[in-house]
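Below is query29.txt, which holds compact mmCIF, C-alpha atoms.
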# COMPACT_ATOMS: atom_id res chain seq x y z
CA MET A 16 0.00 0.00 0.00
CA PHE A 17 2.96 2.31 0.64
CA PRO A 18 5.44 1.51 -2.13
CA ALA A 19 7.56 4.58 -1.33
CA LEU A 20 8.37 3.20 2.13
CA THR A 21 9.28 -0.17 0.67
CA LYS A 22 11.52 1.48 -1.94
CA ALA A 23 13.18 3.62 0.74
CA ALA A 24 13.86 0.59 2.91
CA GLN A 25 15.26 -1.34 -0.08
CA PHE A 26 17.48 1.62 -1.00
CA ALA A 27 18.77 1.87 2.60
CA ALA A 28 19.41 -1.86 2.60
CA SER A 29 21.39 -1.64 -0.64
CA LEU A 30 23.50 1.24 0.72
CA ALA A 31 24.14 -0.55 4.00
CA GLY A 32 25.00 -3.78 2.22
CA LYS A 33 27.73 -2.18 0.05
CA GLY A 34 29.96 -1.36 3.00
CA ALA A 35 31.00 -4.91 3.83
CA LYS A 36 32.78 -7.65 1.90
CA GLY A 37 30.42 -9.41 -0.44
CA GLY A 38 27.71 -6.80 0.09
CA TYR A 39 26.49 -8.43 3.32
CA ASN A 40 26.39 -6.98 6.80
CA LEU A 41 24.05 -6.65 9.75
CA LEU A 42 22.47 -3.35 8.64
CA GLY A 43 21.95 -4.60 5.11
CA LYS A 44 20.28 -7.74 6.42
CA ALA A 45 18.00 -5.73 8.70
CA GLY A 46 17.05 -3.35 5.89
CA THR A 47 16.26 -6.25 3.57
CA ARG A 48 14.07 -7.90 6.22
CA ILE A 49 12.18 -4.66 6.82
CA ALA A 50 11.70 -4.07 3.08
CA ASN A 51 10.55 -7.62 2.36
CA ASN A 52 8.04 -7.73 5.19
CA THR A 53 5.01 -6.05 3.60
CA GLN A 54 2.68 -6.41 6.60
CA PRO A 55 3.68 -3.21 8.43
CA TRP A 56 3.35 -1.01 5.35
CA THR A 57 -0.45 -1.18 5.25
CA ARG A 58 -2.36 1.72 6.77
CA GLU A 59 -3.49 -0.39 9.72
CA GLY A 60 -0.01 -1.82 10.15
CA LEU A 61 1.57 1.63 10.23
CA ILE A 62 -0.96 2.87 12.76
CA THR A 63 -0.44 -0.18 14.94
CA GLN A 64 3.32 0.06 14.66
CA PHE A 65 3.82 3.79 15.21
CA ALA A 66 0.80 4.95 17.26
CA PRO A 67 2.40 4.07 20.62
CA ASP A 68 5.59 5.90 19.64
CA VAL A 69 3.63 9.00 18.62
CA LEU A 70 1.55 8.80 21.81
CA PHE A 71 4.56 8.54 24.13
CA GLY A 72 6.43 11.20 22.16
CA THR A 73 3.45 13.52 22.52
CA LEU A 74 3.24 12.86 26.25
CA GLY A 75 6.97 13.43 26.63
CA GLY A 76 6.72 16.71 24.75
CA VAL A 77 3.71 17.94 26.72
CA MET A 78 5.39 17.17 30.05
CA THR A 79 8.65 18.89 29.11
CA PRO A 80 8.99 22.30 30.74
CA GLY A 81 9.93 25.27 28.62
CA ASP A 82 8.56 26.92 25.53
CA LEU A 83 6.75 25.31 22.59
CA GLY A 84 10.03 24.72 20.78
CA ASP A 85 11.40 22.72 23.73
CA LYS A 86 8.24 20.63 23.83
CA VAL A 87 8.34 19.93 20.08
CA ILE A 88 12.03 18.99 20.16
CA ALA A 89 11.60 16.62 23.11
CA GLY A 90 8.43 14.99 21.79
CA THR A 91 9.68 14.55 18.24
CA ALA A 92 13.00 13.09 19.33
CA GLN A 93 11.25 10.58 21.58
CA ALA A 94 8.63 9.60 18.96
CA VAL A 95 11.16 9.18 16.15
CA GLY A 96 13.55 7.27 18.40
CA GLY A 97 10.82 4.90 19.52
CA GLY A 98 9.60 4.31 15.99
CA LEU A 99 13.07 3.65 14.61
CA GLY A 100 13.98 1.46 17.57
CA GLY A 101 10.95 -0.79 17.06
CA VAL A 102 11.43 -1.10 13.31
CA GLY A 103 15.18 -1.55 13.68
CA LEU A 104 15.02 -4.33 16.27
CA ARG A 105 12.31 -6.05 14.30
CA GLY A 106 14.54 -5.94 11.23
CA LEU A 107 17.56 -7.19 13.16
CA THR A 108 15.68 -10.12 14.68
CA GLY A 109 13.73 -10.97 11.54
CA ALA A 110 10.59 -11.50 13.62
CA LYS A 111 7.61 -12.57 11.50
CA GLY A 112 5.18 -14.02 14.04
CA GLY A 113 2.87 -12.21 16.44
CA ALA A 114 4.80 -12.64 19.70
CA GLY A 115 8.20 -12.03 18.08
CA ILE A 116 6.98 -8.89 16.34
CA MET A 117 5.32 -7.62 19.51
CA MET A 118 8.39 -8.20 21.68
CA SER A 119 10.81 -6.65 19.20
CA GLU A 120 8.49 -3.65 18.80
CA ILE A 121 8.19 -3.18 22.57
CA VAL A 122 11.85 -3.67 23.42
CA GLY A 123 13.07 -1.74 20.38
CA GLY A 124 10.51 1.01 20.97
CA VAL A 125 11.49 1.53 24.60
CA GLY A 126 15.19 1.45 23.74
CA GLY A 127 14.57 3.87 20.89
CA ASP A 128 12.60 6.16 23.24
CA TYR A 129 15.59 6.46 25.55
CA ALA A 130 17.99 6.95 22.67
CA GLY A 131 15.68 9.61 21.23
CA MET A 132 15.47 11.35 24.59
CA MET A 133 19.27 11.50 24.79
CA VAL A 134 19.44 13.03 21.30
CA GLY A 135 16.64 15.44 22.21
CA ASP A 136 18.49 16.47 25.38
CA GLN A 137 21.58 17.33 23.34
CA VAL A 138 19.50 19.46 20.96
CA LEU A 139 17.79 21.14 23.92
CA ARG A 140 21.18 21.85 25.52
CA ALA A 141 22.37 23.45 22.29
CA LYS A 142 19.19 25.54 22.15
CA GLY A 143 19.14 26.40 25.87
CA GLY A 144 22.68 27.55 26.47
CA GLY A 145 24.04 24.27 27.78
CA MET A 146 21.10 23.13 29.89
CA THR A 147 17.86 21.28 29.23
CA PRO A 148 14.61 22.78 30.54
CA TRP A 149 14.61 20.08 33.25
CA GLU A 150 18.10 21.11 34.39
CA LYS A 151 17.08 24.78 34.46
CA MET A 152 14.03 23.90 36.53
CA ALA A 153 16.15 21.87 38.97
CA ILE A 154 18.54 24.80 39.46
CA GLU A 155 15.64 27.17 40.13
CA GLU A 156 14.09 24.75 42.64
CA ARG A 157 17.43 24.36 44.41
CA ARG A 158 17.79 28.15 44.63
CA LEU A 159 14.30 28.43 46.16
CA LEU A 160 15.08 25.65 48.63
CA GLU A 161 18.29 27.41 49.67
CA GLN A 162 16.33 30.62 50.27
CA GLN A 163 13.80 28.74 52.38
CA ILE A 164 16.54 27.08 54.46
CA ILE A 165 18.26 30.43 55.09
CA ALA A 166 14.95 32.09 56.03
CA GLU A 167 14.10 29.23 58.38
CA TYR A 168 17.53 29.45 60.00
CA ILE A 169 17.21 33.20 60.51
CA ARG A 170 13.70 32.79 61.90
CA LYS A 171 14.88 30.16 64.39
CA GLN A 172 17.78 32.36 65.50
CA GLY A 173 15.27 34.98 66.53
CA ASN A 174 17.03 37.97 64.99
CA PRO A 175 14.33 40.65 65.24
CA LYS A 176 15.96 42.81 62.56
CA LEU A 177 15.76 40.03 59.97
CA MET A 178 12.51 38.39 61.04
CA SER A 179 9.20 39.00 59.35
CA SER A 180 6.00 39.08 61.30
CA ASP A 181 3.97 37.97 58.29
CA PRO A 182 3.43 34.18 58.61
CA THR A 183 2.67 33.81 54.89
CA LEU A 184 6.03 35.22 53.96
CA VAL A 185 7.76 33.08 56.59
CA ASN A 186 6.01 29.89 55.43
CA ASN A 187 6.99 30.56 51.82
CA GLY A 188 10.62 31.21 52.68
CA LEU A 189 10.38 34.91 51.93
CA GLY A 190 10.38 36.38 55.43

Show me this structure written as C-alpha cells.
Amino acid sequence: MFPALTKAAQFAASLAGKGAKGGYNLLGKAGTRIANNTQPWTREGLITQFAPDVLFGTLGGVMTPGDLGDKVIAGTAQAVGGGLGGVGLRGLTGAKGGAGIMMSEIVGGVGGDYAGMMVGDQVLRAKGGGMTPWEKMAIEERRLLEQQIIAEYIRKQGNPKLMSSDPTLVNNGLG
C-alpha cells in the first residue's frame, strides 16, 4: 500500500550492504528484512506500529517544561527514536510471528525512546545555552530551597531585625 516506504527501505538496505565484503552486513540484512516484510506497510499496520511511539512522544513533549520549541524537540525526538527502535530491532531479529513482532516492537521502541530522549536532550542543551529545561528547573528549585533554608535558619535564630511578622512570607521562605 505504501510503495515509497518499501523502496526507501530497499534503497537503505542496498547502501548498507555495500559497506561490507560481499555486500552483506548486519544493517543490510535488517534493511532487507524490513523491506521484504510487507505487513507493516499497510495503513493499519503503520498505525499499529507507530501509534504508541507517537503517543509517548506527545506525552513526553507535553510534560517537558519550557517553551513550545522545547516541547516539540523533546516529543519529536522521543517519537522518532521509539519508531526507529521498534522497526530496527524487528529488522535485526527478523521476527515474523505475532509474539516475536510484539516483543521486538516493545523492546526496540522503549530502547529507541531512551535513545531519542538523549538526542533530544543534546538538541535542547544546544538551544538552551548548555542546559535542558529540566536542568534549568532543577537549578531554580534548588535556589528556592536554599532561600527557604536560610529564612528558616534566621527565623529560628530569633534575629528581630531580619525576622518577618507575616506568617505567609515566613512559610513561603520569603520572610

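Distance check against A:Asp128 using only C-alpha atoms: of A:Glu161, A:Asp82, A:Glu59, A:Asp68, the minimum falls on A:Asp68.
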
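Near A:Leu139, within 12 Å and counting all atoms listed in the file, sit Gly76, Thr79, Pro80, Gly81, Asp82, Leu83, Gly84, Asp85, Lys86, Val87, Ile88, Ala89, Gly90, Thr91, Ala92, Met132, Met133, Gly145, Met146, Thr147, Pro148, Trp149, Glu150 and Lys151 of chain A, not including residues fewer than 6 positions from it in the same chain.
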
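The space separating atom CA of A:Gly103 from atom CA of A:Leu74 comes to 22.5 Å.
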
Test item: residues at most 12 Å from A:Ile164, all atoms listed in the file, excluding those fewer than 3 positions along its chain, as a list in words: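 Final neighbour list, sorted by chain and number: Arg157, Arg158, Leu159, Leu160, Glu161, Glu167, Tyr168, Ile169, Arg170, Lys171, Val185, Asn186, Asn187, Gly188, Leu189 and Gly190 of chain A.
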
Dump of C-alpha atoms for the selected residues, as a compact mmCIF listing (two decimals), keeping the file's coordinate frame:
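That gives us out.txt:
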# COMPACT_ATOMS: atom_id res chain seq x y z
CA ARG A 157 17.43 24.36 44.41
CA ARG A 158 17.79 28.15 44.63
CA LEU A 159 14.30 28.43 46.16
CA LEU A 160 15.08 25.65 48.63
CA GLU A 161 18.29 27.41 49.67
CA GLU A 167 14.10 29.23 58.38
CA TYR A 168 17.53 29.45 60.00
CA ILE A 169 17.21 33.20 60.51
CA ARG A 170 13.70 32.79 61.90
CA LYS A 171 14.88 30.16 64.39
CA VAL A 185 7.76 33.08 56.59
CA ASN A 186 6.01 29.89 55.43
CA ASN A 187 6.99 30.56 51.82
CA GLY A 188 10.62 31.21 52.68
CA LEU A 189 10.38 34.91 51.93
CA GLY A 190 10.38 36.38 55.43

Minimum-distance residue to A:Ala130, chosen among A:Phe71, A:Ile62, A:Gln172, A:Gly97 (using all atoms listed in the file):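 Closest to A:Ala130 of all the choices is A:Gly97.
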
Two-atom distance - atom CA of A:Met118, atom CA of A:Gly72 (Å):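 It comes out at 19.5 Å.
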
Atomic separation - atom CA of A:Gly75 relative to atom CA of A:Gly131, Å: 10.9 Å

Residue contacts of A:Thr108 (8 Å, only C-alpha atoms) excluding same-chain residues fewer than 2 positions away, as an MDAnalysis selection string: chainID A and resid 45 104:106 110 119

Minimum-distance residue to A:Pro182, chosen among A:Ala166, A:Val69, A:Leu99, A:Ala94 (using only C-alpha atoms): A:Ala166

Padding 5 Å on every side, please: axis-aligned box over the listed atoms of stretch 141-148 of chain A, centre and edge lengths to one decimal in Å, as AutoDock Vina command-line options.
--center_x 19.3 --center_y 24.4 --center_z 26.3 --size_x 19.4 --size_y 16.3 --size_z 18.4

Distance criterion (only C-alpha atoms): nearest to A:Gly98 out of A:Lys111, A:Glu155, A:Gly126, A:Ala141: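 When distances to A:Gly98 are compared using only C-alpha atoms, the smallest one comes from A:Gly126.
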
Distance criterion (only C-alpha atoms): nearest to A:Thr63 out of A:Leu184, A:Met117, A:Met78, A:Ala153: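 Smallest separation from A:Thr63 among the options: A:Met117.
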